[in-house]
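Q: Mind having a look at this structure? Questions to follow.
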Amino acid sequence: MHKLTKKPSTTYYLPSTKYSKARQTLNEKSESKGFTIVELLVVIVVIGILAAITIVSYTGISNKATAASIQSDLTSAKKQLNLYYVDHGSYPASIDGNNCPVGSSPSPDTRYCLKPSSGNSFTYLPNSTTIATDYSLYVSNSGNSSLYYRISNNSAISSALTKSCPYGFIVVPGSSTYGTSDFCVMKYEAKQVGSSTTPISQASGLPWVSISQTAAIANSSNVIGCTGCHLITETEWLTIAQNVLNNPINWSSGTVGTGYIYSGHNDNAPSGTIDASTNDSDGYYGTGNSSSSGANQKRTLALSNGEIIWDLAGNAYEWTQGTAIGNQPGVLAGGYAWRNYTEMTTHGTLSPDPFPATTGITGASSWTGTNGIGFVNSSADDASSLVVIRGGNWSAGNIAGVFMMLFTNTTGHSPYSFRVTR
């Protein structure tokens, strides 16, 4: 008999080349299932950049469209108010909830209603609630509080605050140098009507003078329709001075620091203060001078936002809230005298520092009265309590200027005027 034997099992092998390819294919499939973290981050960043560009572009276009609608509304409203004036002989005493003029019969006069665009609203401020001869009109947009513009019966459109200023006030852009936000200031030196203790900013009439600093402080809060009105502070004065000094249009050469900045009515011709004009283009009004003769007598200075301020230098000295108990700038052991800022041997310790150099404008530290900024009358050795006068008056000559500074006793009631801010 034959003995049966078990055959050894047979093992089969795939050819080596085919197996390697199969394994490689499987690995590739498993590795291509998704993005790496780095790839995802790159995609996210790119999408974010594209989104930001889109949002910025849309916002810019939207803001331009809103600003255009506001300015169009102001232009149309001014035409309506002028038509009302021709018909009634004065501007409205107010406008009602439908933006229709209220005042002369018929009242409201629906023929001259103002028509704001969607989202825009008017704020109308006349100079009188009985017979208005001037007005300021503001337009704001409910969707963008940063877009706020104003116009008046005698001025063009200009940018404004996020809330309206009182009648006769203009907007001053804030300064990071002096730590100020946008604020309102009287366009003209304060005027007094009759024996009223309510100061008003208007072109007609002479400046309210022969008033003490104490009275100026007390009366500044009486401005009609103004909560928070006060006598201008040193910080606010310097903010305005910095702004106008940094605007080439205010310099005789058209270049900041070259030539001189205009310093107003200061040549004693005519002798005394003078009224102003409602025409901001007539900056030499009342001086007898022009751009070709006595050019530095120009009484108007332009701010960076297009607003115009009258008589910041010349015409009448103006009080500020500034005080000093010693520590004045000056010349040590030099006593009182009119000097250039460049002649001072000490800045003193007043806050804010009143020197032109603090404006940060290139070259300001070397400016003198020849550049139209004005002189300083002070004594570094006087430790008494004194108050500050600014600007210069009609006979000050080159002493006058936006940086002119005089320290005086509070009992002095010389022809000093003042200006209110909010």
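Residue names in the structure tokens use chain letters A, B, ... in the order shown, residue numbers from 1 in each chain, and ligand numbers from 1 in the order shown.
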May I have all residues of segment 228-275 of chain A that DSSP, computed from the backbone, assigns to alpha helix (DSSP H), given as a VMD selection string?

A: chain A and resid 234 to 245

Q: Can you list, as a ChimeraX atom specification, every protein, DNA or RNA residue that comes within 7 Å of Met404 of chain A when you count only C-alpha atoms, leaving out same-chain residues fewer than 6 positions away?

A: /A:373-376,390-392

Q: Name all residues at most 9 Å from Ala67 of chain A (count only C-alpha atoms; drop same-chain ones fewer than 6 positions away) and give them as a VMD selection string.

A: chain A and resid 141 147 to 149

Q: List the neighbours of segment 319-323 of chain A out to 12 Å using only C-alpha atoms; skip same-chain residues closer than 4 positions along the sequence, and give me the result as number ranges by chain.

A: A: 189-190, 208-218, 220, 230-238, 312, 327-328, 349-354, 383-392, 404-410, 412-421

Q: When you count only C-alpha atoms, which of these residues is closest to Tyr85 of chain A: A:Asn398, A:Asn153, A:Asn315, A:Thr368?

A: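 With only C-alpha atoms as the atom set, the closest residue is A:Asn153.
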
Q: Skip segment 174-178 of chain A itself and residues of its chain fewer than 2 positions away, then list as a PyMOL selection string all residues within 9 Å of it, counting only C-alpha atoms.

A: chain A and resi 172+180-183+235-236+238-240+242-243+352+358-360

Q: Rank nothing, just name the residue among A:Gly97, A:Ser159, A:Ala65, A:Ile151 nearest to Lys78 of chain A, using only C-alpha atoms.

A: A:Ile151

Q: Could you tell me how far atom CA of Leu206 of chain A lies from atom CA of Pro166 of chain A, in Å and to one decimal?

A: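 About the pair atom CA of Leu206 of chain A and atom CA of Pro166 of chain A: they are 20.0 Å apart.
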
Q: List the neighbours of Ile224 of chain A out to 9 Å using only C-alpha atoms; skip same-chain residues closer than 6 positions along the sequence, and give me the result as a list in words.

A: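 Result of the neighbour search: Pro166, Tyr167, Thr198, Pro199 and Ile200 of chain A.
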
Q: What lies within 12 Å of Asp109 of chain A using only C-alpha atoms, ignoring chain neighbours under 3 positions off, as a PDB file with C-alpha atoms, in the first residue's frame?

A:
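Output saved as around_1.pdb:
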```pdb
ATOM      1  CA  GLN A  80     -36.107 128.309  -0.521  1.00  0.00           C
ATOM      2  CA  LEU A  81     -35.145 130.522   2.417  1.00  0.00           C
ATOM      3  CA  LEU A  83     -37.329 133.133  -1.732  1.00  0.00           C
ATOM      4  CA  TYR A  84     -39.060 133.374   1.654  1.00  0.00           C
ATOM      5  CA  TYR A  85     -36.919 136.428   2.492  1.00  0.00           C
ATOM      6  CA  ASP A  87     -41.517 137.521  -0.059  1.00  0.00           C
ATOM      7  CA  HIS A  88     -41.569 138.413   3.653  1.00  0.00           C
ATOM      8  CA  TYR A  91     -36.032 134.901   7.294  1.00  0.00           C
ATOM      9  CA  PRO A  92     -38.315 132.516   9.231  1.00  0.00           C
ATOM     10  CA  ALA A  93     -38.409 132.709  13.013  1.00  0.00           C
ATOM     11  CA  SER A  94     -38.324 128.887  12.968  1.00  0.00           C
ATOM     12  CA  ILE A  95     -39.320 125.869  10.892  1.00  0.00           C
ATOM     13  CA  ASP A  96     -42.038 123.454  11.986  1.00  0.00           C
ATOM     14  CA  ASN A  98     -42.752 119.543   8.384  1.00  0.00           C
ATOM     15  CA  ASN A  99     -39.754 121.837   7.717  1.00  0.00           C
ATOM     16  CA  CYS A 100     -42.055 124.694   6.700  1.00  0.00           C
ATOM     17  CA  PRO A 101     -41.183 128.321   7.631  1.00  0.00           C
ATOM     18  CA  VAL A 102     -42.910 129.802  10.655  1.00  0.00           C
ATOM     19  CA  GLY A 103     -43.141 133.558  11.232  1.00  0.00           C
ATOM     20  CA  SER A 104     -44.798 136.022   8.859  1.00  0.00           C
ATOM     21  CA  SER A 105     -48.324 135.314   7.652  1.00  0.00           C
ATOM     22  CA  PRO A 106     -49.191 132.768   6.403  1.00  0.00           C
ATOM     23  CA  TYR A 112     -41.322 127.428   0.992  1.00  0.00           C
ATOM     24  CA  CYS A 113     -41.044 124.154   2.927  1.00  0.00           C
ATOM     25  CA  LEU A 114     -37.579 122.623   3.019  1.00  0.00           C
TER      26      LEU A 114
END
```

Q: What is the atom CA of Tyr135 of chain A to atom CA of Gly225 of chain A distance in Å?

A: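 Atom-to-atom, atom CA of Tyr135 of chain A and atom CA of Gly225 of chain A are spaced 13.5 Å apart.
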
Q: Can you work out which one of A:Ala51, A:Gly401, A:Asp275, A:Ser90 has the shortest atom-to-atom distance to Ser128 of chain A, counting only C-alpha atoms?

A: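 Once distances to Ser128 of chain A are computed over only C-alpha atoms, the minimum belongs to A:Ser90.
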
Q: My list of candidates is A:Arg339, A:Lys64, A:Arg422, A:His347. Which is closest to Asn377 of chain A when distances are computed with only C-alpha atoms?

A: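 Residue with the minimum atom-to-atom distance to Asn377 of chain A: A:Arg339.
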
Q: Rank A:Asn340, A:Thr66, A:Ser263, A:Ser158 by their smallest atom-to-atom distance to Gly119 of chain A, using only C-alpha atoms, and report the top residue only.

A: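 Nearest candidate to Gly119 of chain A out of A:Asn340, A:Thr66, A:Ser263, A:Ser158: A:Thr66.
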
Q: Could you tell me, as a list of chain:residue names, which residues of segment 213-357 of chain A DSSP assigns to strand (DSSP E or B) when given the backbone?

A: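 So the strand (DSSP E or B) residues in segment 213-357 of chain A would be A:His230, A:Leu231, A:Trp251, A:Ile261, A:Ser290, A:Ser293, A:Thr300, A:Leu301, A:Ala302, A:Ile308, A:Ile309, A:Trp310, A:Tyr317, A:Glu318, A:Trp319, A:Thr320, A:Gln321, A:Gly322, A:Thr323, A:Ala324, A:Ile325, A:Gly330, A:Ala337, A:Trp338, A:Arg339, A:Thr346.
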
Q: Please indicate the distance in Å from atom CA of Thr278 of chain A to atom CA of Leu245 of chain A, rounded to one decimal place.

A: 23.1 Å

Q: Of the residues A:Ala324, A:Gly283, A:Gly348, A:Tyr260, which is the one nearest to Val402 of chain A, using only C-alpha atoms?

A: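 Among the listed residues, A:Tyr260 lies closest to Val402 of chain A.
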